[in-house]
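Following: one structure in structure tokens, then a few remarks.
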Amino acid sequence: MAVTRDQIMKAAIHHLNENPIASMAQLAEAVGVSRATLHRHFSSREELMLALAHRAHDQWEHVQERCGLVAATGSQDPGALAEALDALVAGMVEIADEYGFGLTDYTLVIEPELRRRADELEERELEFYAAAQRAGVLRADLPVRWVSNTVFGLMVTVRESLRHGDVARRDVHRLLQTTFLHGTGADGLGGERERAEGGRG
């Protein structure tokens with residue numbers, strides 16, 4: 001039975017998450033097709049990677065639409081923003097899990113159309129995070145791009161934790177959400193440290 005372009009892309013994604021620098025020969029073997037067959041669908045590794053990147057951007061946009069990002073941003077309602085934020089975090093877990101190999105592949109950002117789409121999608125999220133800050137859902141004392149970059153960094157954390165088996169997949173959404181919203185500091189630690197330092201004075 002002939003292997004479709006979509007089947008090749010799905011198999012390539014799975015293998016690239018295990019070996020992000022896999023060659024076309026290795027990818028062909030992992031997919032279970034000859035190099036000639038792979039090259040009939042994708043003339044080069046660059047073409048394949050760009051196709052996968054566009055697929056990842058499609059999912060990123062789908063996540064934003066599914067969680068009602070634009071509507072929540074316009075509502076300025078804390079409840080709607082908090083609900084959309086939870087859905088966005090859940091969607092980010094999906095993206096980091098499926099397309100983790102592309103999160104740190106900086107060769108892809110130089111492609112103009114990918115860069116344009118990424119900027120557009122990121123701007124939509126920046127507006128959402130800013131609205132969440134104004135509504136008191138997120139801290140207002142942090143630069144909004146710091147908030148966005150924190151989410152990106154946590155997506156890499158999700159990828160690495162799943163890749164190495166450090167956490168159970170069922171726990172990832174909770175871990176990402178609580179780390180993003182509450183950090184990793186123990187409650188009361190700052191106050192106890194300040195009192196201890198004050199006592200030494």
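Following the order of the structure tokens, first chain is A, next is B, and so on, with residues numbered from 1 inside each chain and ligands from 1 in the order they appear.
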
**Request:** Skip Arg170 of chain A itself and residues of its chain fewer than 4 positions away, then list as number ranges by chain all residues within 12 Å of it, counting only C-alpha atoms.
**Result:** A: 90, 93-94, 158, 162, 165, 174-176

Dump N, CA, C and O atoms for the selected residues as a short mmCIF file (atom, residue, chain, number, x, y, z; two decimals), in the first residue's frame?
data_model
loop_
_atom_site.label_atom_id
_atom_site.label_comp_id
_atom_site.auth_asym_id
_atom_site.auth_seq_id
_atom_site.Cartn_x
_atom_site.Cartn_y
_atom_site.Cartn_z
N ALA A 90 -3.30 23.89 28.32
CA ALA A 90 -3.54 22.50 27.91
C ALA A 90 -3.14 22.31 26.44
O ALA A 90 -2.53 21.29 26.08
N VAL A 93 0.63 22.10 25.94
CA VAL A 93 1.16 20.76 26.26
C VAL A 93 1.10 19.87 25.02
O VAL A 93 2.06 19.16 24.71
N GLU A 94 -0.01 19.93 24.30
CA GLU A 94 -0.17 19.14 23.08
C GLU A 94 0.91 19.49 22.05
O GLU A 94 1.52 18.61 21.44
N VAL A 158 8.42 20.90 29.23
CA VAL A 158 7.49 19.79 28.97
C VAL A 158 8.13 18.78 28.03
O VAL A 158 8.11 17.57 28.27
N LEU A 162 9.07 14.94 29.20
CA LEU A 162 8.42 13.79 28.59
C LEU A 162 9.43 12.92 27.86
O LEU A 162 9.36 11.69 27.90
N GLY A 165 11.24 10.92 30.38
CA GLY A 165 10.40 10.15 31.29
C GLY A 165 10.46 10.65 32.72
O GLY A 165 10.25 9.88 33.66
N ARG A 174 -1.16 19.74 34.81
CA ARG A 174 -1.17 20.30 36.16
C ARG A 174 0.18 20.93 36.51
O ARG A 174 0.23 22.04 37.06
N LEU A 175 1.25 20.24 36.17
CA LEU A 175 2.58 20.77 36.50
C LEU A 175 2.86 22.07 35.75
O LEU A 175 3.39 23.03 36.33
N LEU A 176 2.50 22.10 34.48
CA LEU A 176 2.73 23.31 33.69
C LEU A 176 1.88 24.46 34.21
O LEU A 176 2.38 25.59 34.37
#

**Message:** Residues near segment 131-139 of chain A, anyone? I mean within 10 Å using only C-alpha atoms, not counting same-chain ones fewer than 6 positions away, as a list in words.
**Reply:**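 After dropping sequence-adjacent residues, the list is Ala72, Thr73, Gly74, Ser75, Gln76, Asp77, Pro78, Gly79, Ala80, Leu81, Ala82, Ala84, Leu85, Glu125, Val147, Phe180 and Leu181 of chain A.
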
Could you write those residues out with all heavy atoms, as a compact mmCIF listing (two decimals), in the first residue's frame?
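again.txt was written with the following content:
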# COMPACT_ATOMS: atom_id res chain seq x y z
N ALA A 72 -11.84 36.08 24.54
CA ALA A 72 -11.50 36.32 25.94
C ALA A 72 -10.73 37.62 26.10
O ALA A 72 -10.96 38.38 27.05
CB ALA A 72 -10.69 35.15 26.49
N THR A 73 -9.82 37.89 25.17
CA THR A 73 -9.04 39.13 25.21
C THR A 73 -9.96 40.34 25.14
O THR A 73 -9.81 41.31 25.89
CB THR A 73 -8.03 39.18 24.07
OG1 THR A 73 -7.14 38.06 24.16
CG2 THR A 73 -7.22 40.47 24.10
N GLY A 74 -10.93 40.29 24.24
CA GLY A 74 -11.84 41.41 24.07
C GLY A 74 -12.83 41.57 25.21
O GLY A 74 -13.32 42.67 25.46
N SER A 75 -13.12 40.48 25.92
CA SER A 75 -14.12 40.54 26.99
C SER A 75 -13.65 41.29 28.22
O SER A 75 -14.45 41.88 28.94
CB SER A 75 -14.52 39.11 27.39
OG SER A 75 -13.49 38.51 28.19
N GLN A 76 -12.34 41.20 28.50
CA GLN A 76 -11.77 41.79 29.72
C GLN A 76 -12.38 41.18 30.99
O GLN A 76 -12.26 41.74 32.08
CB GLN A 76 -11.95 43.31 29.74
CG GLN A 76 -11.26 44.04 28.60
CD GLN A 76 -9.75 43.92 28.67
OE1 GLN A 76 -9.15 44.05 29.74
NE2 GLN A 76 -9.12 43.66 27.53
N ASP A 77 -13.03 40.03 30.84
CA ASP A 77 -13.67 39.36 31.98
C ASP A 77 -12.69 38.40 32.63
O ASP A 77 -12.19 37.49 31.96
CB ASP A 77 -14.91 38.60 31.49
CG ASP A 77 -15.56 37.81 32.61
OD1 ASP A 77 -16.04 38.43 33.57
OD2 ASP A 77 -15.56 36.56 32.53
N PRO A 78 -12.41 38.57 33.93
CA PRO A 78 -11.42 37.69 34.59
C PRO A 78 -11.76 36.21 34.47
O PRO A 78 -10.87 35.38 34.26
CB PRO A 78 -11.46 38.16 36.05
CG PRO A 78 -11.93 39.58 35.98
CD PRO A 78 -12.90 39.62 34.83
N GLY A 79 -13.05 35.87 34.59
CA GLY A 79 -13.44 34.47 34.50
C GLY A 79 -13.18 33.89 33.12
O GLY A 79 -12.65 32.79 32.99
N ALA A 80 -13.55 34.65 32.10
CA ALA A 80 -13.34 34.20 30.72
C ALA A 80 -11.85 34.10 30.41
O ALA A 80 -11.40 33.17 29.72
CB ALA A 80 -14.03 35.14 29.75
N LEU A 81 -11.08 35.05 30.90
CA LEU A 81 -9.63 35.05 30.67
C LEU A 81 -8.96 33.87 31.37
O LEU A 81 -8.08 33.21 30.80
CB LEU A 81 -9.01 36.37 31.13
CG LEU A 81 -9.33 37.57 30.24
CD1 LEU A 81 -9.10 38.88 31.00
CD2 LEU A 81 -8.47 37.55 28.99
N ALA A 82 -9.39 33.59 32.60
CA ALA A 82 -8.81 32.47 33.34
C ALA A 82 -9.15 31.14 32.68
O ALA A 82 -8.30 30.24 32.59
CB ALA A 82 -9.32 32.48 34.78
N ALA A 84 -9.83 30.69 29.46
CA ALA A 84 -9.07 30.61 28.21
C ALA A 84 -7.60 30.30 28.49
O ALA A 84 -6.96 29.57 27.73
CB ALA A 84 -9.19 31.93 27.44
N LEU A 85 -7.07 30.84 29.58
CA LEU A 85 -5.68 30.58 29.95
C LEU A 85 -5.46 29.10 30.25
O LEU A 85 -4.47 28.51 29.81
CB LEU A 85 -5.28 31.43 31.15
CG LEU A 85 -3.84 31.28 31.64
CD1 LEU A 85 -2.85 31.71 30.56
CD2 LEU A 85 -3.62 32.10 32.92
N GLU A 125 -1.17 36.26 21.35
CA GLU A 125 -1.00 35.81 22.72
C GLU A 125 -0.52 36.93 23.63
O GLU A 125 -0.93 37.02 24.79
CB GLU A 125 -0.04 34.62 22.78
CG GLU A 125 -0.67 33.36 22.20
CD GLU A 125 0.23 32.14 22.31
OE1 GLU A 125 1.34 32.24 22.89
OE2 GLU A 125 -0.16 31.09 21.78
N VAL A 147 6.33 37.20 30.24
CA VAL A 147 5.28 36.19 30.47
C VAL A 147 5.24 35.22 29.29
O VAL A 147 5.23 34.00 29.47
CB VAL A 147 3.91 36.87 30.65
CG1 VAL A 147 2.81 35.81 30.77
CG2 VAL A 147 3.91 37.77 31.88
N PHE A 180 3.53 27.74 36.00
CA PHE A 180 3.35 29.02 35.33
C PHE A 180 2.66 30.03 36.25
O PHE A 180 3.08 31.18 36.35
CB PHE A 180 2.52 28.82 34.06
CG PHE A 180 2.18 30.10 33.35
CD1 PHE A 180 3.17 31.03 33.02
CD2 PHE A 180 0.87 30.40 33.02
CE1 PHE A 180 2.86 32.21 32.37
CE2 PHE A 180 0.55 31.58 32.37
CZ PHE A 180 1.55 32.49 32.05
N LEU A 181 1.63 29.61 36.96
CA LEU A 181 0.86 30.54 37.76
C LEU A 181 1.47 30.81 39.14
O LEU A 181 1.28 31.89 39.69
CB LEU A 181 -0.57 30.02 37.94
CG LEU A 181 -1.42 29.97 36.67
CD1 LEU A 181 -2.79 29.37 36.98
CD2 LEU A 181 -1.58 31.36 36.07

**Message:** Considering only C-alpha atoms, can you say which of A:Arg66, A:Arg169, A:Lys10, A:Arg35 comes closest to Asp97 of chain A?
**Reply:**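 The closest residue to Asp97 of chain A is A:Arg169.
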
**Request:** Considering only C-alpha atoms, state which residue in the set A:Gln177, A:Glu113, A:Asp6, A:Val31 is at the smallest distance from Ala87 of chain A.
**Result:** A:Gln177

**Message:** Just list as a PyMOL selection string whatever in segment 30-69 of chain A DSSP marks as helix (DSSP H, G or I).
**Reply:** chain A and resi 30-31+35-41+45-66+69

Expected file contents, prior selection, N, CA and C atoms, as a compact mmCIF listing (two decimals), in the first residue's frame:
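Result saved to out.txt:
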# COMPACT_ATOMS: atom_id res chain seq x y z
N ALA A 30 13.00 5.23 9.26
CA ALA A 30 12.03 5.29 10.35
C ALA A 30 10.60 5.26 9.83
N VAL A 31 10.37 5.92 8.71
CA VAL A 31 9.03 5.96 8.11
C VAL A 31 8.68 4.62 7.47
N ARG A 35 14.49 5.98 0.28
CA ARG A 35 14.87 7.39 0.15
C ARG A 35 14.25 7.98 -1.11
N ALA A 36 14.13 7.19 -2.16
CA ALA A 36 13.53 7.68 -3.40
C ALA A 36 12.07 8.07 -3.17
N THR A 37 11.36 7.24 -2.41
CA THR A 37 9.95 7.55 -2.12
C THR A 37 9.84 8.82 -1.28
N LEU A 38 10.71 8.93 -0.28
CA LEU A 38 10.70 10.13 0.56
C LEU A 38 10.98 11.37 -0.27
N HIS A 39 11.93 11.27 -1.18
CA HIS A 39 12.30 12.42 -2.01
C HIS A 39 11.23 12.77 -3.04
N ARG A 40 10.37 11.82 -3.36
CA ARG A 40 9.27 12.13 -4.26
C ARG A 40 8.26 13.06 -3.58
N HIS A 41 8.15 12.93 -2.27
CA HIS A 41 7.24 13.79 -1.51
C HIS A 41 7.92 15.08 -1.06
N ARG A 45 15.60 17.75 2.91
CA ARG A 45 15.27 17.78 4.34
C ARG A 45 14.69 19.14 4.70
N GLU A 46 15.21 20.20 4.09
CA GLU A 46 14.71 21.54 4.36
C GLU A 46 13.23 21.66 4.01
N GLU A 47 12.85 21.09 2.86
CA GLU A 47 11.45 21.16 2.46
C GLU A 47 10.56 20.40 3.44
N LEU A 48 11.04 19.24 3.89
CA LEU A 48 10.28 18.47 4.86
C LEU A 48 10.13 19.24 6.17
N MET A 49 11.22 19.83 6.66
CA MET A 49 11.18 20.56 7.92
C MET A 49 10.26 21.76 7.84
N LEU A 50 10.26 22.45 6.71
CA LEU A 50 9.38 23.60 6.54
C LEU A 50 7.92 23.15 6.53
N ALA A 51 7.64 22.04 5.89
CA ALA A 51 6.27 21.51 5.87
C ALA A 51 5.81 21.15 7.28
N LEU A 52 6.69 20.55 8.06
CA LEU A 52 6.36 20.20 9.44
C LEU A 52 6.17 21.45 10.29
N ALA A 53 6.98 22.46 10.04
CA ALA A 53 6.86 23.71 10.79
C ALA A 53 5.52 24.39 10.50
N HIS A 54 5.11 24.39 9.24
CA HIS A 54 3.81 24.97 8.90
C HIS A 54 2.68 24.17 9.56
N ARG A 55 2.86 22.88 9.63
CA ARG A 55 1.87 22.03 10.30
C ARG A 55 1.78 22.37 11.79
N ALA A 56 2.93 22.61 12.41
CA ALA A 56 2.95 22.99 13.82
C ALA A 56 2.28 24.35 14.03
N HIS A 57 2.52 25.29 13.12
CA HIS A 57 1.88 26.60 13.22
C HIS A 57 0.37 26.48 13.05
N ASP A 58 -0.06 25.57 12.19
CA ASP A 58 -1.50 25.34 12.03
C ASP A 58 -2.11 24.87 13.35
N GLN A 59 -1.41 23.98 14.06
CA GLN A 59 -1.92 23.49 15.34
C GLN A 59 -1.90 24.60 16.37
N TRP A 60 -0.85 25.43 16.36
CA TRP A 60 -0.76 26.56 17.28
C TRP A 60 -1.98 27.48 17.09
N GLU A 61 -2.29 27.79 15.84
CA GLU A 61 -3.45 28.64 15.56
C GLU A 61 -4.74 27.96 15.98
N HIS A 62 -4.83 26.65 15.75
CA HIS A 62 -6.03 25.90 16.14
C HIS A 62 -6.22 25.94 17.64
N VAL A 63 -5.15 25.82 18.41
CA VAL A 63 -5.24 25.90 19.87
C VAL A 63 -5.79 27.25 20.29
N GLN A 64 -5.28 28.32 19.70
CA GLN A 64 -5.76 29.66 20.03
C GLN A 64 -7.25 29.80 19.73
N GLU A 65 -7.68 29.27 18.60
CA GLU A 65 -9.09 29.35 18.23
C GLU A 65 -9.95 28.50 19.16
N ARG A 66 -9.46 27.32 19.50
CA ARG A 66 -10.22 26.40 20.34
C ARG A 66 -10.45 26.95 21.74
N LEU A 69 -9.24 32.55 22.41
CA LEU A 69 -8.27 33.55 22.85
C LEU A 69 -8.71 34.98 22.52

**Request:** Would you work out the distance separating atom CA of Glu18 of chain A from atom CA of Ser161 of chain A, expressed in Å to one decimal?
**Result:**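 Separation between atom CA of Glu18 of chain A and atom CA of Ser161 of chain A: 12.8 Å.
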